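**Student:** This is entry.pdb, which holds PDB, N, CA and C atoms, pLDDT in the B column:
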ATOM      1  N   LEU N  27      33.258 -75.216  38.865  1.00 43.00           N
ATOM      2  CA  LEU N  27      34.596 -75.340  39.388  1.00 43.00           C
ATOM      3  C   LEU N  27      34.826 -74.346  40.509  1.00 43.00           C
ATOM      4  N   ILE N  28      35.533 -74.774  41.517  1.00 53.00           N
ATOM      5  CA  ILE N  28      35.920 -73.886  42.602  1.00 53.00           C
ATOM      6  C   ILE N  28      37.431 -73.753  42.569  1.00 53.00           C
ATOM      7  N   SER N  29      37.875 -72.530  42.490  1.00 57.00           N
ATOM      8  CA  SER N  29      39.312 -72.279  42.449  1.00 57.00           C
ATOM      9  C   SER N  29      39.941 -72.601  43.798  1.00 57.00           C
ATOM     10  N   PRO N  30      41.070 -73.296  43.825  1.00 59.00           N
ATOM     11  CA  PRO N  30      41.725 -73.585  45.102  1.00 59.00           C
ATOM     12  C   PRO N  30      42.219 -72.325  45.804  1.00 59.00           C
ATOM     13  N   SER N  31      42.343 -71.218  45.073  1.00 60.00           N
ATOM     14  CA  SER N  31      42.813 -69.976  45.694  1.00 60.00           C
ATOM     15  C   SER N  31      41.700 -69.229  46.429  1.00 60.00           C
ATOM     16  N   LEU N  32      40.446 -69.593  46.176  1.00 56.00           N
ATOM     17  CA  LEU N  32      39.335 -68.937  46.872  1.00 56.00           C
ATOM     18  C   LEU N  32      39.163 -69.537  48.260  1.00 56.00           C
ATOM     19  N   PRO N  33      38.916 -68.697  49.242  1.00 60.00           N
ATOM     20  CA  PRO N  33      38.686 -69.234  50.591  1.00 60.00           C
ATOM     21  C   PRO N  33      37.375 -70.000  50.647  1.00 60.00           C
ATOM     22  N   ARG N  34      37.334 -71.029  51.466  1.00 63.00           N
ATOM     23  CA  ARG N  34      36.108 -71.803  51.645  1.00 63.00           C
ATOM     24  C   ARG N  34      35.358 -71.226  52.843  1.00 63.00           C
ATOM     25  N   HIS N  35      34.114 -70.860  52.614  1.00 61.00           N
ATOM     26  CA  HIS N  35      33.324 -70.253  53.671  1.00 61.00           C
ATOM     27  C   HIS N  35      32.202 -71.150  54.149  1.00 61.00           C
ATOM     28  N   GLY N  36      31.966 -72.264  53.505  1.00 62.00           N
ATOM     29  CA  GLY N  36      30.871 -73.130  53.923  1.00 62.00           C
ATOM     30  C   GLY N  36      29.534 -72.583  53.468  1.00 62.00           C
ATOM     31  N   ARG N  37      28.515 -72.922  54.219  1.00 67.00           N
ATOM     32  CA  ARG N  37      27.163 -72.503  53.881  1.00 67.00           C
ATOM     33  C   ARG N  37      26.745 -71.319  54.720  1.00 67.00           C
ATOM     34  N   SER N  38      25.846 -70.545  54.164  1.00 66.00           N
ATOM     35  CA  SER N  38      25.299 -69.403  54.878  1.00 66.00           C
ATOM     36  C   SER N  38      23.828 -69.666  55.166  1.00 66.00           C
ATOM     37  N   ALA N  39      23.405 -69.355  56.366  1.00 68.00           N
ATOM     38  CA  ALA N  39      21.997 -69.502  56.727  1.00 68.00           C
ATOM     39  C   ALA N  39      21.218 -68.223  56.438  1.00 68.00           C
ATOM     40  N   ALA N  40      21.882 -67.232  55.870  1.00 72.00           N
ATOM     41  CA  ALA N  40      21.238 -65.954  55.589  1.00 72.00           C
ATOM     42  C   ALA N  40      20.178 -66.111  54.509  1.00 72.00           C
ATOM     43  N   VAL N  41      19.090 -65.387  54.677  1.00 77.00           N
ATOM     44  CA  VAL N  41      18.054 -65.343  53.645  1.00 77.00           C
ATOM     45  C   VAL N  41      18.562 -64.416  52.556  1.00 77.00           C
ATOM     46  N   GLY N  42      18.598 -64.917  51.327  1.00 78.00           N
ATOM     47  CA  GLY N  42      19.112 -64.119  50.227  1.00 78.00           C
ATOM     48  C   GLY N  42      18.289 -64.284  48.969  1.00 78.00           C
ATOM     49  N   THR N  43      18.521 -63.396  48.041  1.00 81.00           N
ATOM     50  CA  THR N  43      17.872 -63.464  46.732  1.00 81.00           C
ATOM     51  C   THR N  43      18.940 -63.274  45.659  1.00 81.00           C
ATOM     52  N   HIS N  44      18.517 -63.279  44.408  1.00 83.00           N
ATOM     53  CA  HIS N  44      19.476 -63.177  43.311  1.00 83.00           C
ATOM     54  C   HIS N  44      20.275 -61.871  43.347  1.00 83.00           C
ATOM     55  N   VAL N  45      19.739 -60.794  43.915  1.00 85.00           N
ATOM     56  CA  VAL N  45      20.482 -59.532  43.963  1.00 85.00           C
ATOM     57  C   VAL N  45      21.676 -59.608  44.906  1.00 85.00           C
ATOM     58  N   ASP N  46      21.733 -60.642  45.737  1.00 85.00           N
ATOM     59  CA  ASP N  46      22.852 -60.806  46.667  1.00 85.00           C
ATOM     60  C   ASP N  46      24.027 -61.558  46.052  1.00 85.00           C
ATOM     61  N   LEU N  47      23.853 -62.121  44.868  1.00 87.00           N
ATOM     62  CA  LEU N  47      24.920 -62.923  44.258  1.00 87.00           C
ATOM     63  C   LEU N  47      26.152 -62.097  43.894  1.00 87.00           C
ATOM     64  N   TRP N  48      25.963 -60.942  43.261  1.00 91.00           N
ATOM     65  CA  TRP N  48      27.116 -60.137  42.849  1.00 91.00           C
ATOM     66  C   TRP N  48      27.912 -59.615  44.027  1.00 91.00           C
ATOM     67  N   PRO N  49      27.277 -59.038  45.066  1.00 89.00           N
ATOM     68  CA  PRO N  49      28.082 -58.596  46.210  1.00 89.00           C
ATOM     69  C   PRO N  49      28.833 -59.745  46.891  1.00 89.00           C
ATOM     70  N   THR N  50      28.215 -60.922  46.960  1.00 85.00           N
ATOM     71  CA  THR N  50      28.871 -62.075  47.577  1.00 85.00           C
ATOM     72  C   THR N  50      30.050 -62.532  46.731  1.00 85.00           C
ATOM     73  N   ALA N  51      29.864 -62.623  45.424  1.00 88.00           N
ATOM     74  CA  ALA N  51      30.946 -63.033  44.520  1.00 88.00           C
ATOM     75  C   ALA N  51      32.096 -62.034  44.565  1.00 88.00           C
ATOM     76  N   ALA N  52      31.779 -60.743  44.581  1.00 91.00           N
ATOM     77  CA  ALA N  52      32.827 -59.716  44.643  1.00 91.00           C
ATOM     78  C   ALA N  52      33.651 -59.873  45.915  1.00 91.00           C
ATOM     79  N   LYS N  53      32.998 -60.106  47.030  1.00 86.00           N
ATOM     80  CA  LYS N  53      33.710 -60.286  48.305  1.00 86.00           C
ATOM     81  C   LYS N  53      34.645 -61.493  48.234  1.00 86.00           C
ATOM     82  N   LEU N  54      34.148 -62.609  47.679  1.00 84.00           N
ATOM     83  CA  LEU N  54      34.975 -63.808  47.562  1.00 84.00           C
ATOM     84  C   LEU N  54      36.195 -63.583  46.679  1.00 84.00           C
ATOM     85  N   LEU N  55      36.044 -62.744  45.662  1.00 87.00           N
ATOM     86  CA  LEU N  55      37.147 -62.475  44.736  1.00 87.00           C
ATOM     87  C   LEU N  55      38.035 -61.323  45.197  1.00 87.00           C
ATOM     88  N   GLY N  56      37.671 -60.703  46.336  1.00 87.00           N
ATOM     89  CA  GLY N  56      38.475 -59.605  46.846  1.00 87.00           C
ATOM     90  C   GLY N  56      38.272 -58.309  46.095  1.00 87.00           C
ATOM     91  N   LEU N  57      37.123 -58.157  45.449  1.00 91.00           N
ATOM     92  CA  LEU N  57      36.815 -56.959  44.675  1.00 91.00           C
ATOM     93  C   LEU N  57      35.832 -56.081  45.446  1.00 91.00           C
ATOM     94  N   PRO N  58      35.866 -54.772  45.212  1.00 90.00           N
ATOM     95  CA  PRO N  58      34.894 -53.907  45.890  1.00 90.00           C
ATOM     96  C   PRO N  58      33.510 -54.082  45.258  1.00 90.00           C
ATOM     97  N   ALA N  59      32.489 -53.977  46.081  1.00 86.00           N
ATOM     98  CA  ALA N  59      31.113 -54.050  45.580  1.00 86.00           C
ATOM     99  C   ALA N  59      30.751 -52.717  44.929  1.00 86.00           C
ATOM    100  N   ASN N  60      29.975 -52.786  43.881  1.00 91.00           N
ATOM    101  CA  ASN N  60      29.480 -51.592  43.215  1.00 91.00           C
ATOM    102  C   ASN N  60      28.429 -50.948  44.110  1.00 91.00           C
ATOM    103  N   PRO N  61      28.529 -49.657  44.407  1.00 90.00           N
ATOM    104  CA  PRO N  61      27.555 -49.016  45.292  1.00 90.00           C
ATOM    105  C   PRO N  61      26.138 -48.998  44.713  1.00 90.00           C
ATOM    106  N   GLN N  62      25.990 -49.248  43.424  1.00 92.00           N
ATOM    107  CA  GLN N  62      24.656 -49.269  42.811  1.00 92.00           C
ATOM    108  C   GLN N  62      23.964 -50.619  42.998  1.00 92.00           C
ATOM    109  N   TRP N  63      24.682 -51.649  43.414  1.00 89.00           N
ATOM    110  CA  TRP N  63      24.073 -52.954  43.644  1.00 89.00           C
ATOM    111  C   TRP N  63      23.147 -52.875  44.840  1.00 89.00           C
ATOM    112  N   GLN N  64      21.996 -53.497  44.733  1.00 86.00           N
ATOM    113  CA  GLN N  64      21.014 -53.459  45.804  1.00 86.00           C
ATOM    114  C   GLN N  64      21.206 -54.585  46.812  1.00 86.00           C
ATOM    115  N   GLY N  65      21.935 -55.602  46.453  1.00 84.00           N
ATOM    116  CA  GLY N  65      22.104 -56.759  47.320  1.00 84.00           C
ATOM    117  C   GLY N  65      23.155 -56.544  48.387  1.00 84.00           C
ATOM    118  N   ARG N  66      23.389 -57.612  49.157  1.00 84.00           N
ATOM    119  CA  ARG N  66      24.407 -57.555  50.210  1.00 84.00           C
ATOM    120  C   ARG N  66      25.200 -58.856  50.193  1.00 84.00           C
ATOM    121  N   ASP N  67      26.359 -58.821  50.798  1.00 84.00           N
ATOM    122  CA  ASP N  67      27.223 -59.994  50.887  1.00 84.00           C
ATOM    123  C   ASP N  67      26.604 -60.993  51.853  1.00 84.00           C
ATOM    124  N   LEU N  68      26.286 -62.180  51.372  1.00 80.00           N
ATOM    125  CA  LEU N  68      25.634 -63.189  52.199  1.00 80.00           C
ATOM    126  C   LEU N  68      26.579 -63.846  53.201  1.00 80.00           C
ATOM    127  N   LEU N  69      27.872 -63.602  53.068  1.00 77.00           N
ATOM    128  CA  LEU N  69      28.831 -64.186  54.004  1.00 77.00           C
ATOM    129  C   LEU N  69      29.050 -63.310  55.233  1.00 77.00           C
ATOM    130  N   GLU N  70      28.532 -62.088  55.202  1.00 77.00           N
ATOM    131  CA  GLU N  70      28.577 -61.218  56.377  1.00 77.00           C
ATOM    132  C   GLU N  70      27.490 -61.667  57.346  1.00 77.00           C
ATOM    133  N   PRO N  71      27.662 -61.386  58.619  1.00 70.00           N
ATOM    134  CA  PRO N  71      26.602 -61.757  59.572  1.00 70.00           C
ATOM    135  C   PRO N  71      25.263 -61.165  59.143  1.00 70.00           C
ATOM    136  N   ALA N  72      24.270 -62.020  59.078  1.00 62.00           N
ATOM    137  CA  ALA N  72      22.954 -61.609  58.581  1.00 62.00           C
ATOM    138  C   ALA N  72      22.186 -60.844  59.644  1.00 62.00           C
ATOM    139  N   ALA N  73      21.448 -59.861  59.192  1.00 55.00           N
ATOM    140  CA  ALA N  73      20.536 -59.153  60.091  1.00 55.00           C
ATOM    141  C   ALA N  73      19.297 -60.017  60.271  1.00 55.00           C
ATOM    142  N   ASP N  74      18.934 -60.270  61.502  1.00 56.00           N
ATOM    143  CA  ASP N  74      17.747 -61.086  61.765  1.00 56.00           C
ATOM    144  C   ASP N  74      16.506 -60.401  61.214  1.00 56.00           C
ATOM    145  N   GLY N  75      15.594 -61.222  60.749  1.00 62.00           N
ATOM    146  CA  GLY N  75      14.305 -60.702  60.321  1.00 62.00           C
ATOM    147  C   GLY N  75      14.222 -60.264  58.879  1.00 62.00           C
ATOM    148  N   ARG N  76      15.244 -60.473  58.075  1.00 74.00           N
ATOM    149  CA  ARG N  76      15.166 -60.088  56.676  1.00 74.00           C
ATOM    150  C   ARG N  76      14.149 -60.972  55.980  1.00 74.00           C
ATOM    151  N   THR N  77      13.270 -60.369  55.213  1.00 79.00           N
ATOM    152  CA  THR N  77      12.229 -61.107  54.505  1.00 79.00           C
ATOM    153  C   THR N  77      12.520 -61.066  53.013  1.00 79.00           C
ATOM    154  N   ALA N  78      12.379 -62.210  52.351  1.00 79.00           N
ATOM    155  CA  ALA N  78      12.574 -62.296  50.905  1.00 79.00           C
ATOM    156  C   ALA N  78      11.300 -62.828  50.265  1.00 79.00           C
ATOM    157  N   TYR N  79      10.881 -62.203  49.185  1.00 79.00           N
ATOM    158  CA  TYR N  79       9.741 -62.639  48.391  1.00 79.00           C
ATOM    159  C   TYR N  79      10.270 -63.503  47.257  1.00 79.00           C
ATOM    160  N   PHE N  80       9.553 -64.570  46.902  1.00 79.00           N
ATOM    161  CA  PHE N  80       9.968 -65.377  45.755  1.00 79.00           C
ATOM    162  C   PHE N  80       8.750 -65.827  44.962  1.00 79.00           C
ATOM    163  N   SER N  81       8.998 -66.110  43.707  1.00 80.00           N
ATOM    164  CA  SER N  81       7.953 -66.591  42.805  1.00 80.00           C
ATOM    165  C   SER N  81       8.601 -67.545  41.816  1.00 80.00           C
ATOM    166  N   CYS N  82       7.993 -68.726  41.643  1.00 75.00           N
ATOM    167  CA  CYS N  82       8.550 -69.719  40.733  1.00 75.00           C
ATOM    168  C   CYS N  82       7.452 -70.671  40.277  1.00 75.00           C
ATOM    169  N   LEU N  83       7.319 -70.850  38.988  1.00 76.00           N
ATOM    170  CA  LEU N  83       6.370 -71.799  38.411  1.00 76.00           C
ATOM    171  C   LEU N  83       4.959 -71.648  38.972  1.00 76.00           C
ATOM    172  N   GLY N  84       4.502 -70.416  39.087  1.00 72.00           N
ATOM    173  CA  GLY N  84       3.148 -70.161  39.532  1.00 72.00           C
ATOM    174  C   GLY N  84       2.949 -70.163  41.027  1.00 72.00           C
ATOM    175  N   GLU N  85       3.982 -70.423  41.794  1.00 78.00           N
ATOM    176  CA  GLU N  85       3.879 -70.379  43.248  1.00 78.00           C
ATOM    177  C   GLU N  85       4.578 -69.122  43.748  1.00 78.00           C
ATOM    178  N   MET N  86       4.051 -68.560  44.824  1.00 83.00           N
ATOM    179  CA  MET N  86       4.644 -67.373  45.423  1.00 83.00           C
ATOM    180  C   MET N  86       4.854 -67.640  46.900  1.00 83.00           C
ATOM    181  N   GLY N  87       5.748 -66.895  47.494  1.00 85.00           N
ATOM    182  CA  GLY N  87       5.957 -67.089  48.913  1.00 85.00           C
ATOM    183  C   GLY N  87       6.852 -66.040  49.532  1.00 85.00           C
ATOM    184  N   LEU N  88       6.989 -66.164  50.828  1.00 84.00           N
ATOM    185  CA  LEU N  88       7.862 -65.304  51.617  1.00 84.00           C
ATOM    186  C   LEU N  88       8.770 -66.182  52.458  1.00 84.00           C
ATOM    187  N   ARG N  89       9.983 -65.713  52.690  1.00 83.00           N
ATOM    188  CA  ARG N  89      10.920 -66.438  53.541  1.00 83.00           C
ATOM    189  C   ARG N  89      11.504 -65.470  54.539  1.00 83.00           C
ATOM    190  N   GLN N  90      11.491 -65.862  55.810  1.00 80.00           N
ATOM    191  CA  GLN N  90      12.097 -65.044  56.855  1.00 80.00           C
ATOM    192  C   GLN N  90      12.737 -65.983  57.871  1.00 80.00           C
ATOM    193  N   ASP N  91      14.020 -65.776  58.117  1.00 77.00           N
ATOM    194  CA  ASP N  91      14.786 -66.641  59.007  1.00 77.00           C
ATOM    195  C   ASP N  91      14.570 -68.102  58.600  1.00 77.00           C
ATOM    196  N   ARG N  92      14.082 -68.939  59.499  1.00 79.00           N
ATOM    197  CA  ARG N  92      13.890 -70.358  59.161  1.00 79.00           C
ATOM    198  C   ARG N  92      12.477 -70.652  58.677  1.00 79.00           C
ATOM    199  N   TRP N  93      11.628 -69.642  58.546  1.00 82.00           N
ATOM    200  CA  TRP N  93      10.241 -69.845  58.142  1.00 82.00           C
ATOM    201  C   TRP N  93      10.040 -69.519  56.672  1.00 82.00           C
ATOM    202  N   LYS N  94       9.206 -70.338  56.027  1.00 81.00           N
ATOM    203  CA  LYS N  94       8.868 -70.129  54.628  1.00 81.00           C
ATOM    204  C   LYS N  94       7.367 -70.319  54.472  1.00 81.00           C
ATOM    205  N   TYR N  95       6.704 -69.359  53.825  1.00 83.00           N
ATOM    206  CA  TYR N  95       5.272 -69.458  53.544  1.00 83.00           C
ATOM    207  C   TYR N  95       5.106 -69.534  52.037  1.00 83.00           C
ATOM    208  N   ILE N  96       4.432 -70.569  51.550  1.00 81.00           N
ATOM    209  CA  ILE N  96       4.222 -70.763  50.118  1.00 81.00           C
ATOM    210  C   ILE N  96       2.733 -70.736  49.827  1.00 81.00           C
ATOM    211  N   TRP N  97       2.345 -69.921  48.853  1.00 78.00           N
ATOM    212  CA  TRP N  97       0.950 -69.853  48.409  1.00 78.00           C
ATOM    213  C   TRP N  97       0.862 -70.498  47.035  1.00 78.00           C
ATOM    214  N   ASN N  98       0.078 -71.553  46.905  1.00 72.00           N
ATOM    215  CA  ASN N  98       0.019 -72.353  45.673  1.00 72.00           C
ATOM    216  C   ASN N  98      -1.191 -72.032  44.812  1.00 72.00           C
ATOM    217  N   HIS N  99      -1.702 -70.823  44.836  1.00 66.00           N
ATOM    218  CA  HIS N  99      -2.838 -70.421  43.995  1.00 66.00           C
ATOM    219  C   HIS N  99      -4.017 -71.373  44.094  1.00 66.00           C
ATOM    220  N   GLY N 100      -4.602 -71.466  45.262  1.00 65.00           N
ATOM    221  CA  GLY N 100      -5.798 -72.278  45.441  1.00 65.00           C
ATOM    222  C   GLY N 100      -5.543 -73.659  45.948  1.00 65.00           C
ATOM    223  N   LYS N 101      -4.330 -74.106  45.943  1.00 61.00           N
ATOM    224  CA  LYS N 101      -3.997 -75.417  46.493  1.00 61.00           C
ATOM    225  C   LYS N 101      -3.787 -75.256  48.001  1.00 61.00           C
ATOM    226  N   ASP N 102      -3.391 -76.308  48.659  1.00 60.00           N
ATOM    227  CA  ASP N 102      -3.115 -76.234  50.098  1.00 60.00           C
ATOM    228  C   ASP N 102      -1.951 -75.295  50.362  1.00 60.00           C
ATOM    229  N   THR N 103      -1.962 -74.673  51.520  1.00 54.00           N
ATOM    230  CA  THR N 103      -0.881 -73.816  51.956  1.00 54.00           C
ATOM    231  C   THR N 103       0.193 -74.653  52.633  1.00 54.00           C
ATOM    232  N   GLU N 104       1.447 -74.337  52.353  1.00 54.00           N
ATOM    233  CA  GLU N 104       2.567 -75.063  52.945  1.00 54.00           C
ATOM    234  C   GLU N 104       3.348 -74.142  53.856  1.00 54.00           C
ATOM    235  N   GLU N 105       3.970 -74.698  54.878  1.00 53.00           N
ATOM    236  CA  GLU N 105       4.871 -73.927  55.735  1.00 53.00           C
ATOM    237  C   GLU N 105       6.209 -74.603  55.792  1.00 53.00           C
TER     238      GLU N 105
END
Take the structure in the file and write it out as structure tokens.
**Tutor:**
Amino acid sequence: LISPSLPRHGRSAAVGTHVDLWPTAAKLLGLPANPQWQGRDLLEPAADGRTAYFSCLGEMGLRQDRWKYIWNHGKDTEE
């Protein structure tokens, strides 16, 4: 559910990871971010060149800007 009182921001092209969820949610709710959180608000202008590592179901990869590199453990490489 999306509350009608929350502003609509659309989609963000920023590269983010799960640590960015709390700072983004806090900003949307008008709450201050905890200084101990490692993430950043994904609705703020993104710094170019941020790289994110990901791993899921035995696959690993890196994402930077519009590029994504996936390593499939011996299978073909995807871009």
**Student:** Pick out the residues sitting within 7 Å of Ala59 in chain N, and hand them over as a count of residues only; count only N, CA and C atoms, and ignore anything fewer than 3 positions along from it in its own chain.
**Tutor:** 6
**Student:** Find the smallest box with edges along x, y and z containing every listed atom of range 42-56 of chain N, then add 4 Å on each side and report centre and edge lengths in Å to one decimal, as lines of an AutoDock Vina configuration file.
**Tutor:**
center_x = 28.2
center_y = -61.6
center_z = 47.1
size_x = 28.6
size_y = 14.6
size_z = 16.5
**Student:** Report the residues retrieved by the PyMOL selection byres ((chain N and resi 91-93) around 6.5) from the displayed file, expressed as a ChimeraX atom specification.
**Tutor:** /N:41,75-77,88-90,94-95,105
**Student:** Suppose a student applies the PyMOL selection byres (((chain N and resi 86 and name CA) around 6) and name CA) to this structure; what residues should they get, written as a PyMOL selection string?
**Tutor:** chain N and resi 80-81+85+87+96-97
**Student:** Starting from the PyMOL selection byres (((chain N and resi 42 and name CA) around 10) and name CA), expand the selection into actual residues of this file and give them as a list of chain:residue names.
**Tutor:**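 Against this file, the PyMOL selection byres (((chain N and resi 42 and name CA) around 10) and name CA) returns the residues N:Ser38, N:Ala39, N:Ala40, N:Val41, N:Thr43, N:His44, N:Val45, N:Asp46, N:Leu47, N:Gly65, N:Arg66, N:Asp67, N:Leu68, N:Ala72, N:Arg76, N:Thr77, N:Ala78, N:Tyr79, N:Arg89, N:Gln90.
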**Student:** If you keep N, CA and C atoms, can you produce a file of those selected residues as a PDB file, in the coordinates of the input?
**Tutor:**
ATOM      1  N   SER N  38      25.846 -70.545  54.164  1.00 66.00           N
ATOM      2  CA  SER N  38      25.299 -69.403  54.878  1.00 66.00           C
ATOM      3  C   SER N  38      23.828 -69.666  55.166  1.00 66.00           C
ATOM      4  N   ALA N  39      23.405 -69.355  56.366  1.00 68.00           N
ATOM      5  CA  ALA N  39      21.997 -69.502  56.727  1.00 68.00           C
ATOM      6  C   ALA N  39      21.218 -68.223  56.438  1.00 68.00           C
ATOM      7  N   ALA N  40      21.882 -67.232  55.870  1.00 72.00           N
ATOM      8  CA  ALA N  40      21.238 -65.954  55.589  1.00 72.00           C
ATOM      9  C   ALA N  40      20.178 -66.111  54.509  1.00 72.00           C
ATOM     10  N   VAL N  41      19.090 -65.387  54.677  1.00 77.00           N
ATOM     11  CA  VAL N  41      18.054 -65.343  53.645  1.00 77.00           C
ATOM     12  C   VAL N  41      18.562 -64.416  52.556  1.00 77.00           C
ATOM     13  N   THR N  43      18.521 -63.396  48.041  1.00 81.00           N
ATOM     14  CA  THR N  43      17.872 -63.464  46.732  1.00 81.00           C
ATOM     15  C   THR N  43      18.940 -63.274  45.659  1.00 81.00           C
ATOM     16  N   HIS N  44      18.517 -63.279  44.408  1.00 83.00           N
ATOM     17  CA  HIS N  44      19.476 -63.177  43.311  1.00 83.00           C
ATOM     18  C   HIS N  44      20.275 -61.871  43.347  1.00 83.00           C
ATOM     19  N   VAL N  45      19.739 -60.794  43.915  1.00 85.00           N
ATOM     20  CA  VAL N  45      20.482 -59.532  43.963  1.00 85.00           C
ATOM     21  C   VAL N  45      21.676 -59.608  44.906  1.00 85.00           C
ATOM     22  N   ASP N  46      21.733 -60.642  45.737  1.00 85.00           N
ATOM     23  CA  ASP N  46      22.852 -60.806  46.667  1.00 85.00           C
ATOM     24  C   ASP N  46      24.027 -61.558  46.052  1.00 85.00           C
ATOM     25  N   LEU N  47      23.853 -62.121  44.868  1.00 87.00           N
ATOM     26  CA  LEU N  47      24.920 -62.923  44.258  1.00 87.00           C
ATOM     27  C   LEU N  47      26.152 -62.097  43.894  1.00 87.00           C
ATOM     28  N   GLY N  65      21.935 -55.602  46.453  1.00 84.00           N
ATOM     29  CA  GLY N  65      22.104 -56.759  47.320  1.00 84.00           C
ATOM     30  C   GLY N  65      23.155 -56.544  48.387  1.00 84.00           C
ATOM     31  N   ARG N  66      23.389 -57.612  49.157  1.00 84.00           N
ATOM     32  CA  ARG N  66      24.407 -57.555  50.210  1.00 84.00           C
ATOM     33  C   ARG N  66      25.200 -58.856  50.193  1.00 84.00           C
ATOM     34  N   ASP N  67      26.359 -58.821  50.798  1.00 84.00           N
ATOM     35  CA  ASP N  67      27.223 -59.994  50.887  1.00 84.00           C
ATOM     36  C   ASP N  67      26.604 -60.993  51.853  1.00 84.00           C
ATOM     37  N   LEU N  68      26.286 -62.180  51.372  1.00 80.00           N
ATOM     38  CA  LEU N  68      25.634 -63.189  52.199  1.00 80.00           C
ATOM     39  C   LEU N  68      26.579 -63.846  53.201  1.00 80.00           C
ATOM     40  N   ALA N  72      24.270 -62.020  59.078  1.00 62.00           N
ATOM     41  CA  ALA N  72      22.954 -61.609  58.581  1.00 62.00           C
ATOM     42  C   ALA N  72      22.186 -60.844  59.644  1.00 62.00           C
ATOM     43  N   ARG N  76      15.244 -60.473  58.075  1.00 74.00           N
ATOM     44  CA  ARG N  76      15.166 -60.088  56.676  1.00 74.00           C
ATOM     45  C   ARG N  76      14.149 -60.972  55.980  1.00 74.00           C
ATOM     46  N   THR N  77      13.270 -60.369  55.213  1.00 79.00           N
ATOM     47  CA  THR N  77      12.229 -61.107  54.505  1.00 79.00           C
ATOM     48  C   THR N  77      12.520 -61.066  53.013  1.00 79.00           C
ATOM     49  N   ALA N  78      12.379 -62.210  52.351  1.00 79.00           N
ATOM     50  CA  ALA N  78      12.574 -62.296  50.905  1.00 79.00           C
ATOM     51  C   ALA N  78      11.300 -62.828  50.265  1.00 79.00           C
ATOM     52  N   TYR N  79      10.881 -62.203  49.185  1.00 79.00           N
ATOM     53  CA  TYR N  79       9.741 -62.639  48.391  1.00 79.00           C
ATOM     54  C   TYR N  79      10.270 -63.503  47.257  1.00 79.00           C
ATOM     55  N   ARG N  89       9.983 -65.713  52.690  1.00 83.00           N
ATOM     56  CA  ARG N  89      10.920 -66.438  53.541  1.00 83.00           C
ATOM     57  C   ARG N  89      11.504 -65.470  54.539  1.00 83.00           C
ATOM     58  N   GLN N  90      11.491 -65.862  55.810  1.00 80.00           N
ATOM     59  CA  GLN N  90      12.097 -65.044  56.855  1.00 80.00           C
ATOM     60  C   GLN N  90      12.737 -65.983  57.871  1.00 80.00           C
TER      61      GLN N  90
END
**Student:** May I ask for the distance between atom N of Leu83 in chain N and atom N of Thr50 in chain N, given in Å to one decimal place?
**Tutor:**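 Atom-to-atom, atom N of Leu83 in chain N and atom N of Thr50 in chain N are spaced 24.5 Å apart.
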**Student:** What is the atom C of Gln64 in chain N-atom N of Cys82 in chain N distance in Å, reported with one decimal?
**Tutor:** 20.0 Å
**Student:** Can you measure atom N of Leu69 in chain N to atom C of Gly84 in chain N for me? One decimal in Å is fine.
**Tutor:**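 Value for the atom N of Leu69 in chain N-atom C of Gly84 in chain N distance: 28.4 Å.
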**Student:** Could you pull out the alpha helix (DSSP H) residues of range 32-92 of chain N from DSSP and send them as a PyMOL selection string?
**Tutor:** chain N and resi 47-55
